[in-house]
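Have a look at the structure below before the remarks.
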Amino acid sequence: MARMDRALALALTRWQHPAGLRRWLAVAGIATLVAATTFLVWQTGGIRYAFSHIMYLPVLLGAALFGAAGGVAAGLAGGLALGPGMPIDTATGEMQDPVNWIYRTAFFVFVGGVVGMLGQAVARLLGEDPVSGAPSQQPLRQALERTLEPPVSGHAPRRLSVLVAIFDNYTELVNTFGPEVGVRLIGGVVQRLQASCQGDAGVYHLHGERFAVVVDGERLDDVRARIRAHFMEPLVADGVPLYVNLTFGRADHPEHGASAEELIQRATIAADLASRRGERERVYDAGSDQTSRENLVLLSGFRRAVSHGELCLYHQPKWHLEQERVVGTEALLRWQHPEHGLLTPVRFIPQLESSHLIHELTPWVVSAALRDLAELQRDGRPWHVALNLSARNLNDDGLIGDLERALAETGTSPEQLEVEVTESAVLADPEQARRVLGRLRDWGVGVAIDDFGAGQTSLGYLRRLPATSLKIDRALIQELAGPSSDGRIVESVAGLGRRLGMEVVAEGVEDRATLAMARSAGCDIVQGYGICPPQPMETIREAFARERSVRAQDFAVGSSPEA
Ligand code: C2E
Ligand code: CA
Ligand code: CA
């Protein structure tokens, strides 16, 4: 009894599942066509007349929808419907010779089976990726839909994972070794994935340099370990051993999605994010997906922000310890968003940097910074403004033109402008960075290495870069005030900067203790909330109006950092 209940529940849940429902509707349609044809043949006088050929319709439909098995079943049903019970002529009641209907049934079955098989072969060909010959998106969806059919109530849903793999260095390898090698590498990746799965998982080639693996929850760890081991060895294409970097995104059923579509999409989102962040593998996370959706929506309003004047520059003063005065400011971008309020760059700069919109931002920042600079130095104060450049800016030859134009339009002397670039932006393409920064130095524009000590440091490049100042990263400076502070690191970085002929700036100076230690470590300039947080242009202007020689106290919110 319990077994019958379960079978009934299974039938019901399958029936309610969209794929199950479609299948049942198709079966009902074919059965109706068989019945309608039988009725028509009967009504039009029996088998003698040509209407029996209409039975090919449900037979072919069965083959098209369910392959060879469907064609054979529909052929059998159609043959039997027009079989022993159907007279040759309904008027005379003359019945068919059994050989007659048996032959016809056999022929229907034959046609249904052959057409079904051909259809399956064509579908397989269409479902294959033309480069690798591996099954592609359609077979992946079908396989997932089949596996994800709902479980009987009370049973745990089937656990499986979809892994989407991106062949990260594919373009680089193709550009270097040519498209022939690219085709071989794609084939090689599919073979290695298949070898790693050893029948425990299905391998699909989504398109281009993207692949998918569908693996049962219990086999996931084994399959991942085998994939990792297989891709430790280089692939040999045209006699050249080449390393393949695969980045994986993963979505698990049922945690991350219920349908084939959701799982594929979410594994892809995770893979894209992992690839952008240089990670090896990432599991889908609804939170970061929501954030990236919000970011994309935010970005869609960016052009409006530029044209509607929603962008503005804040300025953070830089205090010269020896001269005891503010020598300039760093221009920091802000977006006065109509819904979200005042946004700092972390909310939108990284997204702009991964799109072409960064190139629309830079001309705006350049001309706004130079406009502010021109205004602040009107009465001849020695003053400079620094603006931040990203890696993408350094690769954009338009930057030089933008700067040249803005300098000429505002009549600013290039010595009063400084650009800040991070080490990682420089290391993204050191030769290009050296070229662009060298050109700026030739004009007299200052070059600061930003966030120094925050990440990878290449002292070799530091020496070869035409930099005029070194900004020690906030994290390094703030450690000075920590319990296990070691001033020697900052001291040696400051010493290194000065020996290379650079001015040394301590960033993130938040309190007196840090200020004192930055001073004793030998920094020239300090910048931070303790001196003055970034301020809108009006505040800077007012401070100027109050005092000719601008002191930190004019800006400082709260207590002055100076004793
Ligand atoms: P950054 O160049 O390192 O700028 C310094 C950041 O540290 C600023 O954040 C500033 O407000 C913050 N800061 C200053 N003093 C202190 C302090 O004492 N303590 C702490 N905790 N933070 C302090 P902000 O304005 O949010 O800018 C963040 C980053 O966005 C900047 O880092 C810079 O890399 C980027 N950025 C800002 N403006 C632009 C721009 O116009 N173009 C580009 N490409 N990037 C920009
Ligand atoms: Ca900076
Ligand atoms: Ca910085």
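Lettering and numbering for the structure tokens are positional, with chains as A, B, ... in the shown order, residues counted from 1 in each chain, and ligands counted from 1 in the shown order.
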
Check your understanding: When the cut-off is 7 Å and you count only C-alpha atoms and all ligand atoms, which residues lie near ligand 3, shown as a PyMOL selection string?
Key -> chain A and resi 450-451+471+473-474+507

Keeping only C-alpha atoms, take the residues you just selected and write them out as a short mmCIF file (atom, residue, chain, number, x, y, z; two decimals), in the first residue's frame.
```cif
data_model
loop_
_atom_site.label_atom_id
_atom_site.label_comp_id
_atom_site.auth_asym_id
_atom_site.auth_seq_id
_atom_site.Cartn_x
_atom_site.Cartn_y
_atom_site.Cartn_z
CA ASP A 450 50.29 55.27 -4.19
CA ASP A 451 49.54 52.65 -1.51
CA LYS A 471 53.00 57.38 -0.56
CA ASP A 473 50.10 52.80 2.48
CA ARG A 474 47.67 53.51 5.26
CA GLU A 507 48.89 58.17 4.37
#
```

Exercise for review: Grab me every residue within 6 Å of ligand 1, counting only C-alpha atoms and all ligand atoms, and send it over as a ChimeraX atom specification.
Suggested key: /A:332-333,344-346,365,388-390,451,508-510,528-530,533-534

Review point. Which polymer residues have any atom within 6 Å of an atom of region 321-328 of chain A, counting only C-alpha atoms, with same-chain residues fewer than 2 positions away left out, as a ChimeraX atom specification?
Key: /A:317-319,383-385,524-525,550-551

Check your understanding: With distances taken over only C-alpha atoms, which of A:Gln265, A:Glu279, A:Arg48, A:Thr410 is nearest to Thr92 (chain A)?
Key ->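 Ranked by minimum distance to Thr92 (chain A), first place goes to A:Arg48.
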
Exercise for review: Run DSSP on the backbone and give me the residues of region 369-440 of chain A it puts in strand (DSSP E), as a list in words.
Suggested key: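 Residues of region 369-440 of chain A classed as strand (DSSP E): His384, Val385, Ala386, Leu387, Asn388, Leu417, Glu418, Val419, Glu420, Val421 and Thr422 of chain A.
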
Revision key, fill the gap. Min atom-atom distance to Val490 (chain A) from the set A:Ala506, A:Ala156, A:Cys532, A:Met537, counting only C-alpha atoms, belongs to A:Ala506

**Study point:** Top pick for closest residue to ligand 2, considering A:Ala73, A:Cys523, A:Ile489, A:Val419 and counting only C-alpha atoms and all ligand atoms
**Key:**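 Checking each candidate against ligand 2, we get A:Val419 as the closest.
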
Practice item. Skip Ala69 (chain A) itself and residues of its chain fewer than 6 positions away, then list as JSON, numbers by chain all residues within 10 Å of it, counting only C-alpha atoms. Key: {"A": [62, 63, 75, 109, 112, 113, 114, 116, 117]}

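If only C-alpha atoms and all ligand atoms are the atoms counted, then among A:Leu263, A:Ala64, A:Leu160, A:Ile449 the closest residue to ligand 2 is A:Ile449.
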
Exercise for review: Just the alpha helix (DSSP H) stuff from region 58-178 of chain A, please, per backbone DSSP, written as JSON, numbers by chain.
Suggested key: {"A": [58, 59, 60, 61, 62, 63, 64, 65, 66, 67, 68, 69, 70, 71, 72, 73, 74, 75, 76, 77, 78, 79, 80, 81, 98, 99, 100, 101, 102, 103, 104, 105, 106, 107, 108, 109, 110, 111, 112, 113, 114, 115, 116, 117, 118, 119, 120, 121, 122, 123, 124, 125, 126, 137, 138, 139, 140, 141, 142, 143, 144, 145, 146, 147, 170, 171, 172, 173, 174, 175, 176, 177]}

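Shortest atom-to-atom contact with Asp429 (chain A) among A:Ala391, A:Phe452, A:Gly249, A:Phe544: A:Ala391, counting only C-alpha atoms.
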
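CA of Ala518 (chain A) to CA of Leu387 (chain A) spans 23.0 Å [interatomic distance, one decimal].
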
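Residues in contact with Ser136 (chain A) at up to 8 Å, not including ones fewer than 3 positions away on its chain and judged by only C-alpha atoms, are Gly127, Glu128, Asp129, Pro139, Leu140, Tyr204, His205, Leu206 and His207 of chain A.
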
Point to revise | Residue among A:His256, A:Val366, A:Glu330, A:Tyr49 lying closest to ligand 2, counting only C-alpha atoms and all ligand atoms | key: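 That would be A:Glu330, the residue with the smallest distance to ligand 2.
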